[in-house]
file final.cif (mmCIF, C-alpha atoms; chains and numbers go by the auth columns)
data_input
#
loop_
_atom_site.group_PDB
_atom_site.id
_atom_site.type_symbol
_atom_site.label_atom_id
_atom_site.label_comp_id
_atom_site.label_asym_id
_atom_site.label_seq_id
_atom_site.Cartn_x
_atom_site.Cartn_y
_atom_site.Cartn_z
_atom_site.B_iso_or_equiv
_atom_site.auth_seq_id
_atom_site.auth_asym_id
ATOM 1 C CA MET A 1 39.300 -68.617 -27.650 0.00 20 J
ATOM 2 C CA ILE A 2 37.355 -65.396 -27.526 0.00 21 J
ATOM 3 C CA LYS A 3 34.082 -65.841 -29.391 0.00 22 J
ATOM 4 C CA ALA A 4 32.769 -62.274 -29.391 0.00 23 J
ATOM 5 C CA VAL A 5 33.331 -58.771 -28.079 0.00 24 J
ATOM 6 C CA MET A 6 30.370 -56.468 -27.602 0.00 25 J
ATOM 7 C CA VAL A 7 29.859 -52.930 -26.392 0.00 26 J
ATOM 8 C CA ILE A 8 26.192 -52.346 -25.597 0.00 27 J
ATOM 9 C CA ASN A 9 24.652 -49.240 -24.089 0.00 28 J
ATOM 10 C CA THR A 10 22.308 -49.387 -21.113 0.00 29 J
ATOM 11 C CA LEU A 11 19.283 -49.163 -23.427 0.00 30 J
ATOM 12 C CA GLY A 12 20.313 -52.299 -25.334 0.00 31 J
ATOM 13 C CA LYS A 13 21.744 -50.683 -28.466 0.00 32 J
ATOM 14 C CA PRO A 14 24.889 -52.421 -29.692 0.00 33 J
ATOM 15 C CA ARG A 15 27.640 -49.862 -30.216 0.00 34 J
ATOM 16 C CA LEU A 16 30.327 -52.320 -31.255 0.00 35 J
ATOM 17 C CA SER A 17 30.179 -56.032 -31.923 0.00 36 J
ATOM 18 C CA LYS A 18 32.812 -58.338 -33.269 0.00 37 J
ATOM 19 C CA PHE A 19 32.287 -62.067 -33.628 0.00 38 J
ATOM 20 C CA TYR A 20 35.301 -64.316 -34.057 0.00 39 J
ATOM 21 C CA GLU A 21 33.226 -67.357 -35.026 0.00 40 J
ATOM 22 C CA PHE A 22 30.966 -67.086 -38.042 0.00 41 J
ATOM 23 C CA GLN A 23 27.391 -66.290 -37.098 0.00 42 J
ATOM 24 C CA PRO A 24 24.637 -65.152 -39.472 0.00 43 J
ATOM 25 C CA VAL A 25 23.489 -61.590 -38.828 0.00 44 J
ATOM 26 C CA GLU A 26 20.160 -62.766 -37.405 0.00 45 J
ATOM 27 C CA LYS A 27 21.987 -65.008 -34.925 0.00 46 J
ATOM 28 C CA GLN A 28 24.325 -62.151 -33.973 0.00 47 J
ATOM 29 C CA GLN A 29 21.353 -59.896 -33.270 0.00 48 J
ATOM 30 C CA GLU A 30 19.720 -62.626 -31.213 0.00 49 J
ATOM 31 C CA LEU A 31 22.933 -63.116 -29.205 0.00 50 J
ATOM 32 C CA ILE A 32 23.218 -59.379 -28.539 0.00 51 J
ATOM 33 C CA ARG A 33 19.582 -59.196 -27.396 0.00 52 J
ATOM 34 C CA HIS A 34 20.083 -62.198 -25.122 0.00 53 J
ATOM 35 C CA VAL A 35 23.275 -60.761 -23.602 0.00 54 J
ATOM 36 C CA TYR A 36 21.546 -57.444 -22.949 0.00 55 J
ATOM 37 C CA ALA A 37 18.580 -59.207 -21.359 0.00 56 J
ATOM 38 C CA VAL A 38 20.915 -61.088 -19.020 0.00 57 J
ATOM 39 C CA LEU A 39 22.988 -58.003 -18.130 0.00 58 J
ATOM 40 C CA SER A 40 20.099 -55.599 -17.629 0.00 59 J
ATOM 41 C CA ASN A 41 18.439 -57.925 -15.104 0.00 60 J
ATOM 42 C CA ARG A 42 21.554 -58.360 -12.945 0.00 61 J
ATOM 43 C CA PRO A 43 21.923 -56.323 -9.752 0.00 62 J
ATOM 44 C CA ASP A 44 24.998 -54.123 -9.353 0.00 63 J
ATOM 45 C CA ASN A 45 26.354 -56.041 -6.365 0.00 64 J
ATOM 46 C CA VAL A 46 26.920 -59.379 -8.146 0.00 65 J
ATOM 47 C CA SER A 47 29.958 -60.810 -9.904 0.00 66 J
ATOM 48 C CA ASN A 48 30.934 -59.762 -13.436 0.00 67 J
ATOM 49 C CA PHE A 49 31.242 -63.418 -14.464 0.00 68 J
ATOM 50 C CA ILE A 50 28.426 -65.481 -15.970 0.00 69 J
ATOM 51 C CA ARG A 51 29.039 -69.168 -16.605 0.00 70 J
ATOM 52 C CA SER A 52 25.661 -70.538 -17.620 0.00 71 J
ATOM 53 C CA LEU A 53 24.145 -68.675 -20.541 0.00 72 J
ATOM 54 C CA GLY A 54 21.740 -71.342 -21.692 0.00 73 J
ATOM 55 C CA SER A 55 21.752 -73.203 -24.953 0.00 74 J
ATOM 56 C CA ILE A 56 21.931 -70.085 -27.116 0.00 75 J
ATOM 57 C CA PHE A 57 25.740 -69.789 -26.779 0.00 76 J
ATOM 58 C CA GLY A 58 26.693 -73.403 -26.372 0.00 77 J
ATOM 59 C CA PRO A 59 27.588 -75.358 -23.253 0.00 78 J
ATOM 60 C CA ASP A 60 31.154 -74.130 -22.775 0.00 79 J
ATOM 61 C CA THR A 61 30.631 -70.398 -23.381 0.00 80 J
ATOM 62 C CA ARG A 62 31.255 -67.966 -20.559 0.00 81 J
ATOM 63 C CA LEU A 63 30.723 -64.236 -20.327 0.00 82 J
ATOM 64 C CA VAL A 64 32.636 -61.501 -18.536 0.00 83 J
ATOM 65 C CA TYR A 65 31.433 -57.922 -18.539 0.00 84 J
ATOM 66 C CA LYS A 66 32.249 -54.567 -17.047 0.00 85 J
ATOM 67 C CA HIS A 67 29.806 -51.682 -16.743 0.00 86 J
ATOM 68 C CA TYR A 68 31.287 -48.206 -17.318 0.00 87 J
ATOM 69 C CA ALA A 69 28.911 -45.208 -17.297 0.00 88 J
ATOM 70 C CA THR A 70 26.330 -45.984 -20.005 0.00 89 J
ATOM 71 C CA LEU A 71 28.182 -48.873 -21.637 0.00 90 J
ATOM 72 C CA TYR A 72 28.558 -52.591 -21.022 0.00 91 J
ATOM 73 C CA PHE A 73 31.834 -54.044 -22.302 0.00 92 J
ATOM 74 C CA VAL A 74 31.251 -57.765 -22.846 0.00 93 J
ATOM 75 C CA PHE A 75 33.590 -60.614 -23.782 0.00 94 J
ATOM 76 C CA LEU A 76 32.251 -64.077 -24.669 0.00 95 J
ATOM 77 C CA PHE A 77 34.795 -66.886 -24.586 0.00 96 J
ATOM 78 C CA ASP A 78 35.211 -70.631 -24.180 0.00 97 J
ATOM 79 C CA ASN A 79 36.797 -72.731 -21.427 0.00 98 J
ATOM 80 C CA SER A 80 40.336 -72.234 -22.754 0.00 99 J
ATOM 81 C CA GLU A 81 40.388 -68.645 -21.442 0.00 100 J
ATOM 82 C CA ASN A 82 40.675 -67.461 -17.846 0.00 101 J
ATOM 83 C CA GLU A 83 37.837 -65.305 -16.503 0.00 102 J
ATOM 84 C CA LEU A 84 40.133 -62.974 -14.573 0.00 103 J
ATOM 85 C CA ALA A 85 42.376 -62.557 -17.603 0.00 104 J
ATOM 86 C CA MET A 86 39.315 -61.589 -19.666 0.00 105 J
ATOM 87 C CA LEU A 87 38.244 -59.061 -17.040 0.00 106 J
ATOM 88 C CA ASP A 88 41.759 -57.609 -17.165 0.00 107 J
ATOM 89 C CA LEU A 89 41.577 -57.530 -20.966 0.00 108 J
ATOM 90 C CA ILE A 90 38.382 -55.478 -20.763 0.00 109 J
ATOM 91 C CA GLN A 91 40.287 -53.090 -18.495 0.00 110 J
ATOM 92 C CA VAL A 92 43.133 -52.861 -21.040 0.00 111 J
ATOM 93 C CA PHE A 93 40.606 -52.157 -23.810 0.00 112 J
ATOM 94 C CA VAL A 94 38.907 -49.396 -21.803 0.00 113 J
ATOM 95 C CA GLU A 95 42.243 -47.880 -20.677 0.00 114 J
ATOM 96 C CA THR A 96 43.386 -47.753 -24.285 0.00 115 J
ATOM 97 C CA LEU A 97 40.130 -46.092 -25.317 0.00 116 J
ATOM 98 C CA ASP A 98 40.541 -43.581 -22.479 0.00 117 J
ATOM 99 C CA LYS A 99 44.047 -42.732 -23.693 0.00 118 J
ATOM 100 C CA CYS A 100 42.811 -42.392 -27.241 0.00 119 J
ATOM 101 C CA PHE A 101 39.681 -40.335 -26.547 0.00 120 J
ATOM 102 C CA ARG A 102 40.446 -38.752 -23.146 0.00 121 J
ATOM 103 C CA SER A 103 37.807 -40.423 -20.984 0.00 122 J
ATOM 104 C CA VAL A 104 35.854 -42.479 -23.480 0.00 123 J
ATOM 105 C CA CYS A 105 32.084 -42.074 -23.661 0.00 124 J
ATOM 106 C CA GLU A 106 29.318 -43.517 -25.809 0.00 125 J
ATOM 107 C CA LEU A 107 29.618 -40.755 -28.421 0.00 126 J
ATOM 108 C CA ASP A 108 33.293 -41.601 -28.931 0.00 127 J
ATOM 109 C CA VAL A 109 32.288 -45.185 -29.669 0.00 128 J
ATOM 110 C CA VAL A 110 29.585 -44.099 -32.117 0.00 129 J
ATOM 111 C CA PHE A 111 31.606 -41.482 -34.015 0.00 130 J
ATOM 112 C CA ASN A 112 34.975 -43.280 -34.036 0.00 131 J
ATOM 113 C CA TYR A 113 33.793 -46.703 -35.080 0.00 132 J
ATOM 114 C CA SER A 114 36.780 -47.546 -37.291 0.00 133 J
ATOM 115 C CA LYS A 115 39.291 -46.454 -34.648 0.00 134 J
ATOM 116 C CA MET A 116 37.495 -48.656 -32.098 0.00 135 J
ATOM 117 C CA HIS A 117 37.890 -51.637 -34.417 0.00 136 J
ATOM 118 C CA THR A 118 41.556 -50.783 -35.001 0.00 137 J
ATOM 119 C CA ILE A 119 42.187 -50.725 -31.250 0.00 138 J
ATOM 120 C CA LEU A 120 40.298 -53.972 -30.772 0.00 139 J
ATOM 121 C CA ASP A 121 42.225 -55.599 -33.634 0.00 140 J
ATOM 122 C CA GLU A 122 45.507 -54.623 -31.985 0.00 141 J
ATOM 123 C CA ILE A 123 44.394 -56.338 -28.771 0.00 142 J
ATOM 124 C CA ILE A 124 42.555 -59.374 -30.198 0.00 143 J
ATOM 125 C CA LEU A 125 42.945 -60.969 -33.612 0.00 144 J
ATOM 126 C CA GLY A 126 40.991 -64.006 -34.706 0.00 145 J
ATOM 127 C CA GLY A 127 39.808 -64.657 -31.167 0.00 146 J
ATOM 128 C CA GLN A 128 43.350 -64.774 -29.752 0.00 147 J
ATOM 129 C CA VAL A 129 44.876 -62.153 -27.473 0.00 148 J
ATOM 130 C CA LEU A 130 47.781 -60.340 -29.139 0.00 149 J
ATOM 131 C CA GLU A 131 48.672 -57.494 -26.800 0.00 150 J
ATOM 132 C CA THR A 132 47.810 -56.638 -23.218 0.00 151 J
ATOM 133 C CA ASP A 133 49.841 -53.453 -22.792 0.00 152 J
ATOM 134 C CA SER A 134 47.746 -50.370 -23.530 0.00 153 J
ATOM 135 C CA VAL A 135 50.879 -48.290 -24.217 0.00 154 J
ATOM 136 C CA GLU A 136 51.956 -50.706 -26.960 0.00 155 J
ATOM 137 C CA VAL A 137 48.439 -50.766 -28.401 0.00 156 J
ATOM 138 C CA MET A 138 48.336 -46.957 -28.488 0.00 157 J
ATOM 139 C CA ARG A 139 51.739 -46.856 -30.169 0.00 158 J
ATOM 140 C CA ALA A 140 50.538 -49.234 -32.892 0.00 159 J
ATOM 141 C CA VAL A 141 47.279 -47.313 -33.385 0.00 160 J
ATOM 142 C CA GLU A 142 49.170 -44.017 -33.663 0.00 161 J
ATOM 143 C CA GLU A 143 51.469 -45.556 -36.285 0.00 162 J
ATOM 144 C CA ILE A 144 48.484 -46.867 -38.254 0.00 163 J
ATOM 145 C CA THR A 145 46.809 -43.457 -38.062 0.00 164 J
ATOM 146 C CA LYS A 146 50.016 -41.756 -39.175 0.00 165 J
ATOM 147 C CA LEU A 147 50.384 -44.145 -42.120 0.00 166 J
ATOM 148 C CA GLU A 148 46.763 -43.630 -43.129 0.00 167 J
ATOM 149 C CA SER A 149 47.104 -39.848 -43.021 0.00 168 J
ATOM 150 C CA THR A 150 50.376 -39.767 -44.988 0.00 169 J
ATOM 151 C CA THR A 151 49.038 -42.219 -47.552 0.00 170 J
ATOM 152 C CA SER A 152 45.868 -40.193 -48.004 0.00 171 J
ATOM 153 C CA ALA A 153 47.748 -36.899 -48.172 0.00 172 J
ATOM 154 C CA SER A 154 50.301 -38.124 -50.718 0.00 173 J
ATOM 155 C CA THR A 155 47.540 -39.637 -52.843 0.00 174 J
ATOM 156 C CA LEU A 156 45.630 -36.361 -52.809 0.00 175 J
ATOM 157 C CA ILE A 157 48.760 -34.331 -53.606 0.00 176 J
ATOM 158 C CA ASN A 158 49.784 -36.621 -56.452 0.00 177 J
ATOM 159 C CA LYS A 159 46.312 -36.394 -57.976 0.00 178 J
ATOM 160 C CA SER A 160 46.069 -32.625 -57.626 0.00 179 J
ATOM 161 C CA ILE A 161 49.539 -31.661 -58.972 0.00 180 J
ATOM 162 C CA PRO A 162 48.996 -32.808 -62.581 0.00 181 J
ATOM 163 C CA SER A 163 45.661 -30.988 -62.779 0.00 182 J
ATOM 164 C CA TRP A 164 47.251 -27.868 -61.285 0.00 183 J
ATOM 165 C CA TRP A 165 50.096 -27.949 -63.830 0.00 184 J
ATOM 166 C CA ALA A 166 47.624 -28.402 -66.651 0.00 185 J
ATOM 167 C CA ARG A 167 46.029 -24.997 -65.981 0.00 186 J
#

call {"tool": "encode", "arguments": {"input": "final.cif", "output": "structure tokens"}}
result
Amino acid sequence: MIKAVMVINTLGKPRLSKFYEFQPVEKQQELIRHVYAVLSNRPDNVSNFIRSLGSIFGPDTRLVYKHYATLYFVFLFDNSENELAMLDLIQVFVETLDKCFRSVCELDVVFNYSKMHTILDEIILGGQVLETDSVEVMRAVEEITKLESTTSASTLINKSIPSWWAR
């Protein structure tokens, strides 16, 4: 099971975090700080897999990360998941973001927070992987966006027509 997904910039600011096991906010912040401390001290020429994270995450928690530009994409998971599959899942997540934002950058993450969560929810739900095809994920996100825009537009039109007729 996937325990958490984090996107942290190179200065240690969390840009996206989603925990699939309940953690109090203080514990979440502590976990993010610890992950950043581990990642920022690693040289570039080492593996993207970390098995031993100390007692803060529990004995069976593993971490896989990928560093793109100014962002670390991090997945925390237990022994039931494959490390290479998680690395591939990070790639699917980033590819989907690239398709959505045309070469994703940190500002896209900051200013499109809800869309980031929608994309992540299409890939992972409740700590379980749902979809690994970025084309399918983009199709679902486009449908959700279309539904949201038509629902909002029809609600606005329905509210404005009676007041317009009343004039």

call {"tool": "closest_atom_pairs", "arguments": {"input": "final.cif", "of": "stretch 69-144 of chain J", "to": "stretch 24-30 of chain J", "cutoff": "10 Å", "atoms": "all atoms listed in the file", "output": "CSV"}}
result
residue,atom,partner,partner_atom,distance
J:Leu82,CA,J:Val24,CA,9.8
J:Val83,CA,J:Val24,CA,10.0
J:Tyr84,CA,J:Met25,CA,9.2
J:Lys85,CA,J:Val26,CA,9.8
J:His86,CA,J:Thr29,CA,9.0
J:Tyr87,CA,J:Asn28,CA,9.5
J:Ala88,CA,J:Thr29,CA,8.7
J:Thr89,CA,J:Thr29,CA,5.4
J:Leu90,CA,J:Asn28,CA,4.3
J:Tyr91,CA,J:Ile27,CA,5.2
J:Phe92,CA,J:Val26,CA,4.7
J:Val93,CA,J:Met25,CA,5.0
J:Phe94,CA,J:Val24,CA,4.7
J:Leu95,CA,J:Val24,CA,6.4
J:Phe96,CA,J:Val24,CA,9.0
J:Ile109,CA,J:Val24,CA,9.5
J:Glu125,CA,J:Asn28,CA,7.6
J:Val128,CA,J:Val26,CA,8.8
J:Leu139,CA,J:Val24,CA,8.9
J:Ile143,CA,J:Val24,CA,9.5

call {"tool": "residues_around", "arguments": {"input": "final.cif", "residues": "stretch 150-167 of chain J", "least_positions_apart": "4", "cutoff": "10 Å", "atoms": "only C-alpha atoms", "output": "count of residues only"}}
result
26

call {"tool": "atom_distance", "arguments": {"input": "final.cif", "atom1": "atom CA of J:Thr80", "atom2": "atom CA of J:Asp97"}}
result
4.7 Å

call {"tool": "atom_distance", "arguments": {"input": "final.cif", "atom1": "atom CA of J:Arg61", "atom2": "atom CA of J:Leu103"}}
result
19.2 Å

call {"tool": "closest_residue", "arguments": {"input": "final.cif", "among": "J:Phe68, J:Glu100, J:Arg121, J:Lys22", "to": "J:Gln47", "atoms": "all atoms listed in the file"}}
result
J:Lys22
